[in-house]
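Visitor: Provided below: work31.tsv, containing TSV, C-alpha atoms.
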chain	number	residue	atom	x	y	z
A	1	MET	CA	12.53	24.64	52.66
A	2	GLU	CA	10.25	27.12	54.40
A	3	ASP	CA	10.09	24.80	57.42
A	4	LEU	CA	13.89	24.66	57.59
A	5	LYS	CA	14.05	28.44	57.39
A	6	ASN	CA	11.67	28.76	60.35
A	7	ILE	CA	13.71	26.25	62.33
A	8	ILE	CA	16.91	28.25	61.71
A	9	LEU	CA	15.21	31.48	62.79
A	10	SER	CA	14.02	29.83	66.00
A	11	LEU	CA	17.47	28.60	66.96
A	12	ASP	CA	19.13	30.14	70.01
A	13	ILE	CA	22.16	31.44	68.13
A	14	ASN	CA	23.45	34.87	67.22
A	15	SER	CA	22.18	36.70	64.15
A	16	GLU	CA	25.41	36.27	62.19
A	17	GLU	CA	25.24	32.49	62.54
A	18	LYS	CA	21.59	32.53	61.51
A	19	GLU	CA	22.43	34.60	58.44
A	20	ARG	CA	25.18	32.15	57.47
A	21	LEU	CA	22.81	29.19	57.78
A	22	LEU	CA	20.10	30.97	55.81
A	23	LYS	CA	22.56	31.67	52.98
A	24	GLN	CA	23.56	28.01	52.92
A	25	LEU	CA	19.89	27.03	52.85
A	26	LYS	CA	19.28	29.41	49.96
A	27	ALA	CA	22.23	27.93	48.04
A	28	VAL	CA	20.87	24.42	48.58
A	29	GLN	CA	17.44	25.54	47.36
A	30	LYS	CA	19.02	27.05	44.26
A	31	THR	CA	20.88	23.80	43.54
A	32	ILE	CA	17.68	21.80	43.96
A	33	ASP	CA	15.73	24.15	41.69
A	34	SER	CA	18.44	23.94	39.04
A	35	ALA	CA	18.53	20.15	39.20
A	36	GLU	CA	14.75	19.96	38.96
A	37	PHE	CA	14.77	22.30	35.94
A	38	ARG	CA	17.40	20.17	34.19
A	39	TYR	CA	15.41	17.04	34.99
A	40	GLN	CA	12.20	18.50	33.56
A	41	ARG	CA	14.11	19.70	30.49
A	42	THR	CA	15.55	16.22	30.02
A	43	ILE	CA	12.07	14.70	30.23
A	44	MET	CA	10.77	17.18	27.67
A	45	ASP	CA	13.73	16.60	25.34
A	46	LYS	CA	13.30	12.84	25.65
A	47	ALA	CA	9.60	13.12	24.81
A	48	ALA	CA	10.38	15.36	21.84
A	49	ILE	CA	13.03	12.94	20.56
A	50	THR	CA	10.65	10.02	21.02
A	51	ASN	CA	7.96	11.83	19.04
A	52	ILE	CA	10.43	12.64	16.27
A	53	LEU	CA	11.62	9.02	16.13
A	54	ASN	CA	8.07	7.68	16.10
A	55	ALA	CA	7.14	10.10	13.33
A	56	SER	CA	10.23	9.09	11.35
A	57	ILE	CA	9.52	5.38	11.78
A	58	SER	CA	5.90	5.91	10.78
A	59	GLU	CA	6.96	7.88	7.70
A	60	ILE	CA	9.50	5.21	6.75
A	61	GLU	CA	6.85	2.51	7.10
A	62	LYS	CA	4.45	4.52	4.95
A	63	GLN	CA	7.10	5.04	2.28
A	64	LYS	CA	7.98	1.34	2.41
A	65	ALA	CA	4.31	0.42	1.97
A	66	VAL	CA	4.03	2.77	-1.02
A	67	ILE	CA	7.17	1.29	-2.60
A	68	GLU	CA	5.94	-2.27	-2.03
A	69	LYS	CA	2.58	-1.38	-3.56
A	70	GLN	CA	4.24	0.23	-6.58
A	71	LYS	CA	6.54	-2.77	-6.97
A	72	LYS	CA	3.59	-5.18	-6.82
A	73	GLU	CA	1.61	-3.12	-9.32
A	74	ALA	CA	4.61	-3.00	-11.67
A	75	THR	CA	4.95	-6.79	-11.44
A	76	HIS	CA	1.26	-7.23	-12.19
A	77	ARG	CA	1.42	-4.88	-15.17
A	78	ALA	CA	4.49	-6.66	-16.50
A	79	SER	CA	2.76	-10.02	-16.09
A	80	LEU	CA	-0.33	-8.92	-18.00
A	81	ASP	CA	1.83	-7.20	-20.60
A	82	SER	CA	3.67	-10.48	-21.18
A	83	ILE	CA	0.39	-12.15	-22.16
A	84	ARG	CA	-0.45	-9.26	-24.47
A	85	ALA	CA	2.99	-9.56	-26.05
A	86	GLU	CA	2.49	-13.30	-26.52
A	87	ILE	CA	-0.89	-12.66	-28.09
A	88	ALA	CA	0.57	-10.07	-30.43
A	89	SER	CA	2.92	-12.72	-31.84
A	90	MET	CA	0.10	-15.16	-32.64
A	91	ARG	CA	-0.92	-15.67	-36.23
A	92	THR	CA	-2.90	-18.92	-36.36
A	93	THR	CA	-5.52	-20.74	-34.31
A	94	LYS	CA	-2.83	-23.27	-33.45
A	95	ASP	CA	-0.90	-20.51	-31.72
A	96	LEU	CA	-3.84	-19.89	-29.41
A	97	GLU	CA	-3.18	-23.22	-27.71
A	98	LYS	CA	-0.27	-21.46	-26.01
A	99	ILE	CA	-2.75	-19.44	-23.95
A	100	THR	CA	-3.73	-22.36	-21.70
A	101	PRO	CA	-0.23	-23.02	-20.27
A	102	LEU	CA	0.23	-19.27	-19.95
A	103	ILE	CA	-2.65	-19.15	-17.48
A	104	TRP	CA	-0.96	-21.13	-14.72
A	105	LEU	CA	2.34	-19.36	-15.41
A	106	GLU	CA	0.77	-15.93	-14.97
A	107	LEU	CA	-1.16	-17.05	-11.89
A	108	ASN	CA	2.18	-17.86	-10.29
A	109	ILE	CA	3.69	-14.53	-11.31
A	110	LEU	CA	0.66	-12.68	-9.94
A	111	ASN	CA	0.99	-14.64	-6.66
A	112	ILE	CA	-2.54	-15.94	-6.94
A	113	PRO	CA	-2.70	-19.21	-4.97
A	114	PHE	CA	-4.12	-22.14	-6.93
A	115	VAL	CA	-3.96	-25.90	-7.37
A	116	ARG	CA	-6.08	-26.08	-10.51
A	117	SER	CA	-6.55	-23.72	-13.42
A	118	GLY	CA	-8.13	-23.64	-16.81
A	119	VAL	CA	-10.56	-21.93	-19.09
A	120	VAL	CA	-14.13	-22.51	-20.22
A	121	LEU	CA	-14.90	-21.23	-23.71
A	122	VAL	CA	-18.38	-20.54	-24.96
A	123	HIS	CA	-18.14	-21.73	-28.56
A	124	ASP	CA	-21.79	-21.09	-29.37
A	125	GLU	CA	-24.08	-19.08	-27.14
A	126	ASP	CA	-27.26	-20.15	-28.92
A	127	THR	CA	-26.61	-23.89	-28.57
A	128	GLU	CA	-24.76	-23.40	-25.27
A	129	LYS	CA	-21.76	-25.33	-26.57
A	130	LEU	CA	-18.78	-25.17	-24.22
A	131	GLY	CA	-15.13	-26.11	-24.39
A	132	ILE	CA	-13.68	-26.97	-20.98
A	133	TYR	CA	-9.90	-27.12	-20.56
A	134	LEU	CA	-8.53	-27.97	-17.10
A	135	ALA	CA	-4.92	-28.12	-15.97
A	136	THR	CA	-2.78	-28.69	-12.87
A	137	PRO	CA	-0.43	-26.01	-11.47
A	138	ASP	CA	2.40	-27.40	-13.62
A	139	GLY	CA	0.31	-26.96	-16.75
A	140	LYS	CA	-0.50	-30.62	-17.32
A	141	SER	CA	-3.93	-31.28	-18.74
A	142	ILE	CA	-6.49	-32.95	-16.46
A	143	ALA	CA	-9.42	-32.91	-18.85
A	144	SER	CA	-10.44	-31.38	-22.15
A	145	LEU	CA	-13.98	-31.74	-23.39
A	146	GLN	CA	-16.56	-30.21	-25.68
A	147	ILE	CA	-20.08	-30.35	-24.23
A	148	ASN	CA	-23.40	-28.61	-24.21
A	149	ALA	CA	-24.04	-26.72	-21.01
A	150	ASN	CA	-27.09	-28.79	-20.11
A	151	GLN	CA	-25.12	-32.05	-20.10
A	152	THR	CA	-24.05	-31.52	-16.48
A	153	VAL	CA	-25.56	-29.50	-13.67
A	154	PHE	CA	-22.33	-27.61	-13.04
A	155	SER	CA	-21.60	-26.78	-16.69
A	156	GLN	CA	-25.10	-25.28	-16.90
A	157	LYS	CA	-24.31	-23.29	-13.77
A	158	ILE	CA	-21.12	-22.00	-15.39
A	159	PHE	CA	-22.94	-21.00	-18.58
A	160	ASN	CA	-25.71	-19.22	-16.68
A	161	SER	CA	-23.17	-17.19	-14.67
A	162	TRP	CA	-21.24	-16.34	-17.83
A	163	LYS	CA	-24.41	-15.16	-19.57
A	164	LYS	CA	-25.14	-12.87	-16.62
A	165	LYS	CA	-21.49	-11.69	-16.72
A	166	GLN	CA	-21.13	-12.75	-13.11
A	167	ALA	CA	-18.30	-14.50	-11.30
A	168	LEU	CA	-19.09	-17.99	-10.02
A	169	ILE	CA	-17.60	-19.32	-6.79
A	170	ASP	CA	-18.37	-22.81	-5.54
A	171	GLN	CA	-16.93	-25.25	-3.01
A	172	TRP	CA	-16.48	-28.93	-3.74
A	173	ASN	CA	-15.91	-31.82	-1.38
A	174	GLU	CA	-15.09	-35.47	-2.01
A	175	THR	CA	-18.71	-36.29	-2.91
A	176	THR	CA	-18.93	-33.44	-5.41
A	177	PHE	CA	-15.67	-34.53	-7.02
A	178	LEU	CA	-16.99	-38.07	-7.43
A	179	GLU	CA	-20.17	-36.79	-9.06
A	180	TRP	CA	-18.13	-34.64	-11.45
A	181	ALA	CA	-15.77	-37.51	-12.27
A	182	ASN	CA	-18.72	-39.78	-13.06
A	183	SER	CA	-20.10	-37.05	-15.33
A	184	LEU	CA	-16.79	-36.89	-17.19
A	185	VAL	CA	-16.84	-40.67	-17.65
A	186	LYS	CA	-20.34	-40.55	-19.13
A	187	LEU	CA	-19.24	-37.78	-21.48
A	188	GLY	CA	-16.20	-39.76	-22.55
A	189	ALA	CA	-13.75	-37.12	-21.32
A	190	ILE	CA	-11.98	-39.59	-19.00
A	191	ALA	CA	-11.85	-43.38	-18.91
A	192	SER	CA	-12.21	-43.98	-15.18
A	193	ALA	CA	-13.58	-41.92	-12.30
A	194	GLU	CA	-11.34	-43.81	-9.87
A	195	ASP	CA	-8.19	-43.10	-11.88
A	196	TYR	CA	-9.19	-39.45	-12.20
A	197	LEU	CA	-9.69	-39.06	-8.45
A	198	MET	CA	-6.51	-40.98	-7.62
A	199	SER	CA	-4.41	-38.84	-9.96
A	200	ASN	CA	-6.02	-35.63	-8.68
A	201	PRO	CA	-6.40	-36.26	-4.93
A	202	ILE	CA	-8.02	-33.05	-3.71
A	203	GLN	CA	-10.88	-33.52	-1.28
A	204	ASN	CA	-11.80	-29.88	-0.76
A	205	LEU	CA	-11.60	-27.17	-3.39
A	206	TYR	CA	-12.91	-23.67	-4.00
A	207	LEU	CA	-13.71	-23.10	-7.66
A	208	HIS	CA	-13.53	-19.52	-8.93
A	209	PHE	CA	-14.80	-18.69	-12.41
A	210	LEU	CA	-14.17	-15.16	-13.68
A	211	PRO	CA	-16.13	-14.05	-16.76
A	212	PHE	CA	-14.79	-12.54	-19.97
A	213	PRO	CA	-16.64	-12.06	-23.29
A	214	GLN	CA	-15.71	-15.47	-24.72
A	215	GLY	CA	-15.88	-17.59	-21.57
A	216	MET	CA	-14.67	-17.99	-18.00
A	217	LEU	CA	-11.21	-18.15	-16.43
A	218	TYR	CA	-11.03	-20.93	-13.85
A	219	VAL	CA	-8.90	-20.81	-10.70
A	220	GLY	CA	-9.20	-23.64	-8.19
A	221	ASN	CA	-7.67	-23.39	-4.73
A	222	VAL	CA	-7.94	-25.13	-1.37
A	223	ASN	CA	-8.82	-21.76	0.20
A	224	LEU	CA	-11.19	-19.04	-0.89
A	225	LEU	CA	-9.42	-16.31	-2.84
A	226	THR	CA	-9.32	-12.84	-1.30
A	227	GLU	CA	-10.94	-9.83	-2.93
A	228	GLU	CA	-7.52	-8.64	-4.09
A	229	GLU	CA	-6.69	-12.04	-5.58
A	230	LEU	CA	-10.07	-12.19	-7.32
A	231	SER	CA	-9.47	-8.72	-8.74
A	232	LEU	CA	-6.09	-9.82	-10.11
A	233	ALA	CA	-7.65	-12.97	-11.58
A	234	GLN	CA	-10.31	-10.85	-13.26
A	235	SER	CA	-7.59	-8.67	-14.78
A	236	LEU	CA	-5.99	-11.83	-16.15
A	237	ALA	CA	-9.35	-12.97	-17.54
A	238	ASP	CA	-9.83	-9.62	-19.28
A	239	THR	CA	-6.38	-9.93	-20.82
A	240	ILE	CA	-7.00	-13.51	-21.97
A	241	SER	CA	-10.16	-12.28	-23.65
A	242	THR	CA	-8.01	-10.39	-26.13
A	243	ALA	CA	-6.43	-13.66	-27.24
A	244	TYR	CA	-9.66	-15.44	-27.98
A	245	ALA	CA	-11.07	-12.40	-29.73
A	246	ARG	CA	-8.34	-12.95	-32.32
A	247	TYR	CA	-10.17	-16.04	-33.53
A	248	GLU	CA	-12.29	-13.64	-35.55
A	249	ASP	CA	-9.16	-12.57	-37.42
A	250	PHE	CA	-8.13	-16.11	-38.46
Have the structure of the file written as structure tokens, please.

Guide:
Amino acid sequence: MEDLKNIILSLDINSEEKERLLKQLKAVQKTIDSAEFRYQRTIMDKAAITNILNASISEIEKQKAVIEKQKKEATHRASLDSIRAEIASMRTTKDLEKITPLIWLELNILNIPFVRSGVVLVHDEDTEKLGIYLATPDGKSIASLQINANQTVFSQKIFNSWKKKQALIDQWNETTFLEWANSLVKLGAIASAEDYLMSNPIQNLYLHFLPFPQGMLYVGNVNLLTEEELSLAQSLADTISTAYARYEDF
């Protein structure tokens, strides 16, 4: 604008005409300044609104996460409470057989992924006598056997981990499954290794054993369980422990 002003002043016209042009130039400058101010204000308002919206969205997401967490925790508590309620209704050792099918039911409720489940009970710590009860996700029994820990390499491994109060995680492939099936045949738990493998066709499995005072909770899955899932499984194991402790009352 200063350049235009100088041009007007240098024009070969009378002073009145120059004054008129300078006033027009000043009015144009004022209009430009006003438009620029409104533009800057609009930019600032837009940025402020964007910040407010982002903060609101972030707060909503945080609240949603809190609600989801509370909902999940409530579901988990209700699931574990259902086992405790079932236990409270038990009066005989026969009733305790209901615990095994409850395991796979509660694993589903807790959203713990699994394709095999079961429990290993330590019947006698001194003689290392174990009771192994394995089931499919629908609760059907795969195998049930009473053995001494030293009768198979893996059962000894389970007992040793239990005695140390440590979780045991192992991965099996087709070869490992065949070795286990042959062990079950020798122990008389199943009639045929081939039939066992055909009826339970899993070639890769992660075995998770979570300790509790009377034994180990078993959760088998095609993938390794996460820390959160293992923590939930351990909570289930601790709850199941209450059931087997009732044997002392019968």

Visitor: Pick out the residues sitting within 10 Å of Thr175 of chain A, and hand them over as a count of residues only; count only C-alpha atoms, and ignore anything fewer than 5 positions along from it in its own chain.

Guide: 4

Visitor: Which is closest to Gln146 of chain A among A:Ala47, A:Ile169, A:Lys30, A:Val120, if we use all atoms listed in the file?

Guide: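 Ranking A:Ala47, A:Ile169, A:Lys30, A:Val120 by distance to Gln146 of chain A, first place goes to A:Val120.
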
Visitor: At a cut-off of 12 Å, using all atoms listed in the file, what residues contact Gly188 of chain A? Leave out same-chain residues fewer than 3 positions from it and give the result as a list in words.

Guide: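 Once the adjacent positions are removed, what remains is Ala143, Ser144, Leu145, Gln146, Ile147, Ala181, Asn182, Ser183, Leu184, Val185, Ala191, Ser192 and Ala193 of chain A.
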
Visitor: Between A:Leu232, A:Ala78, A:Ala85, A:Leu225, single out the one closest to Leu107 of chain A, counting only C-alpha atoms.

Guide: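 Ranked by minimum distance to Leu107 of chain A, first place goes to A:Leu232.
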
Visitor: Between atom CA of Pro213 of chain A and atom CA of Ser155 of chain A, what is the distance, to one decimal in Å?

Guide: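 So the two atoms, atom CA of Pro213 of chain A and atom CA of Ser155 of chain A, lie 16.9 Å apart.
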
Visitor: Because some atoms of segment 110-122 of chain A are absent here, can you restore N, CA and C atoms and send them as an mmCIF file, in the frame of the given file?

Guide:
data_model
loop_
_atom_site.group_PDB
_atom_site.id
_atom_site.type_symbol
_atom_site.label_atom_id
_atom_site.label_comp_id
_atom_site.auth_asym_id
_atom_site.auth_seq_id
_atom_site.Cartn_x
_atom_site.Cartn_y
_atom_site.Cartn_z
ATOM 1 N N LEU A 110 1.554 -13.606 -10.641
ATOM 2 C CA LEU A 110 0.660 -12.680 -9.940
ATOM 3 C C LEU A 110 0.473 -13.053 -8.469
ATOM 4 N N ASN A 111 1.108 -14.158 -8.051
ATOM 5 C CA ASN A 111 0.990 -14.640 -6.660
ATOM 6 C C ASN A 111 -0.446 -14.953 -6.271
ATOM 7 N N ILE A 112 -1.192 -15.481 -7.225
ATOM 8 C CA ILE A 112 -2.540 -15.940 -6.940
ATOM 9 C C ILE A 112 -2.457 -17.424 -6.580
ATOM 10 N N PRO A 113 -2.818 -17.809 -5.365
ATOM 11 C CA PRO A 113 -2.700 -19.210 -4.970
ATOM 12 C C PRO A 113 -3.690 -20.091 -5.736
ATOM 13 N N PHE A 114 -3.232 -21.243 -6.203
ATOM 14 C CA PHE A 114 -4.120 -22.140 -6.930
ATOM 15 C C PHE A 114 -3.520 -23.541 -6.998
ATOM 16 N N VAL A 115 -4.392 -24.523 -7.153
ATOM 17 C CA VAL A 115 -3.960 -25.900 -7.370
ATOM 18 C C VAL A 115 -4.551 -26.458 -8.658
ATOM 19 N N ARG A 116 -5.487 -25.725 -9.227
ATOM 20 C CA ARG A 116 -6.080 -26.080 -10.510
ATOM 21 C C ARG A 116 -6.321 -24.797 -11.299
ATOM 22 N N SER A 117 -6.248 -24.885 -12.595
ATOM 23 C CA SER A 117 -6.550 -23.720 -13.420
ATOM 24 C C SER A 117 -7.082 -24.187 -14.763
ATOM 25 N N GLY A 118 -7.614 -23.272 -15.501
ATOM 26 C CA GLY A 118 -8.130 -23.640 -16.810
ATOM 27 C C GLY A 118 -8.992 -22.538 -17.393
ATOM 28 N N VAL A 119 -9.705 -22.901 -18.426
ATOM 29 C CA VAL A 119 -10.560 -21.930 -19.090
ATOM 30 C C VAL A 119 -11.779 -22.662 -19.657
ATOM 31 N N VAL A 120 -12.906 -21.996 -19.607
ATOM 32 C CA VAL A 120 -14.130 -22.510 -20.220
ATOM 33 C C VAL A 120 -14.501 -21.546 -21.347
ATOM 34 N N LEU A 121 -14.553 -22.063 -22.567
ATOM 35 C CA LEU A 121 -14.900 -21.230 -23.710
ATOM 36 C C LEU A 121 -16.331 -21.483 -24.147
ATOM 37 N N VAL A 122 -17.030 -20.416 -24.420
ATOM 38 C CA VAL A 122 -18.380 -20.540 -24.960
ATOM 39 C C VAL A 122 -18.259 -20.489 -26.479
#
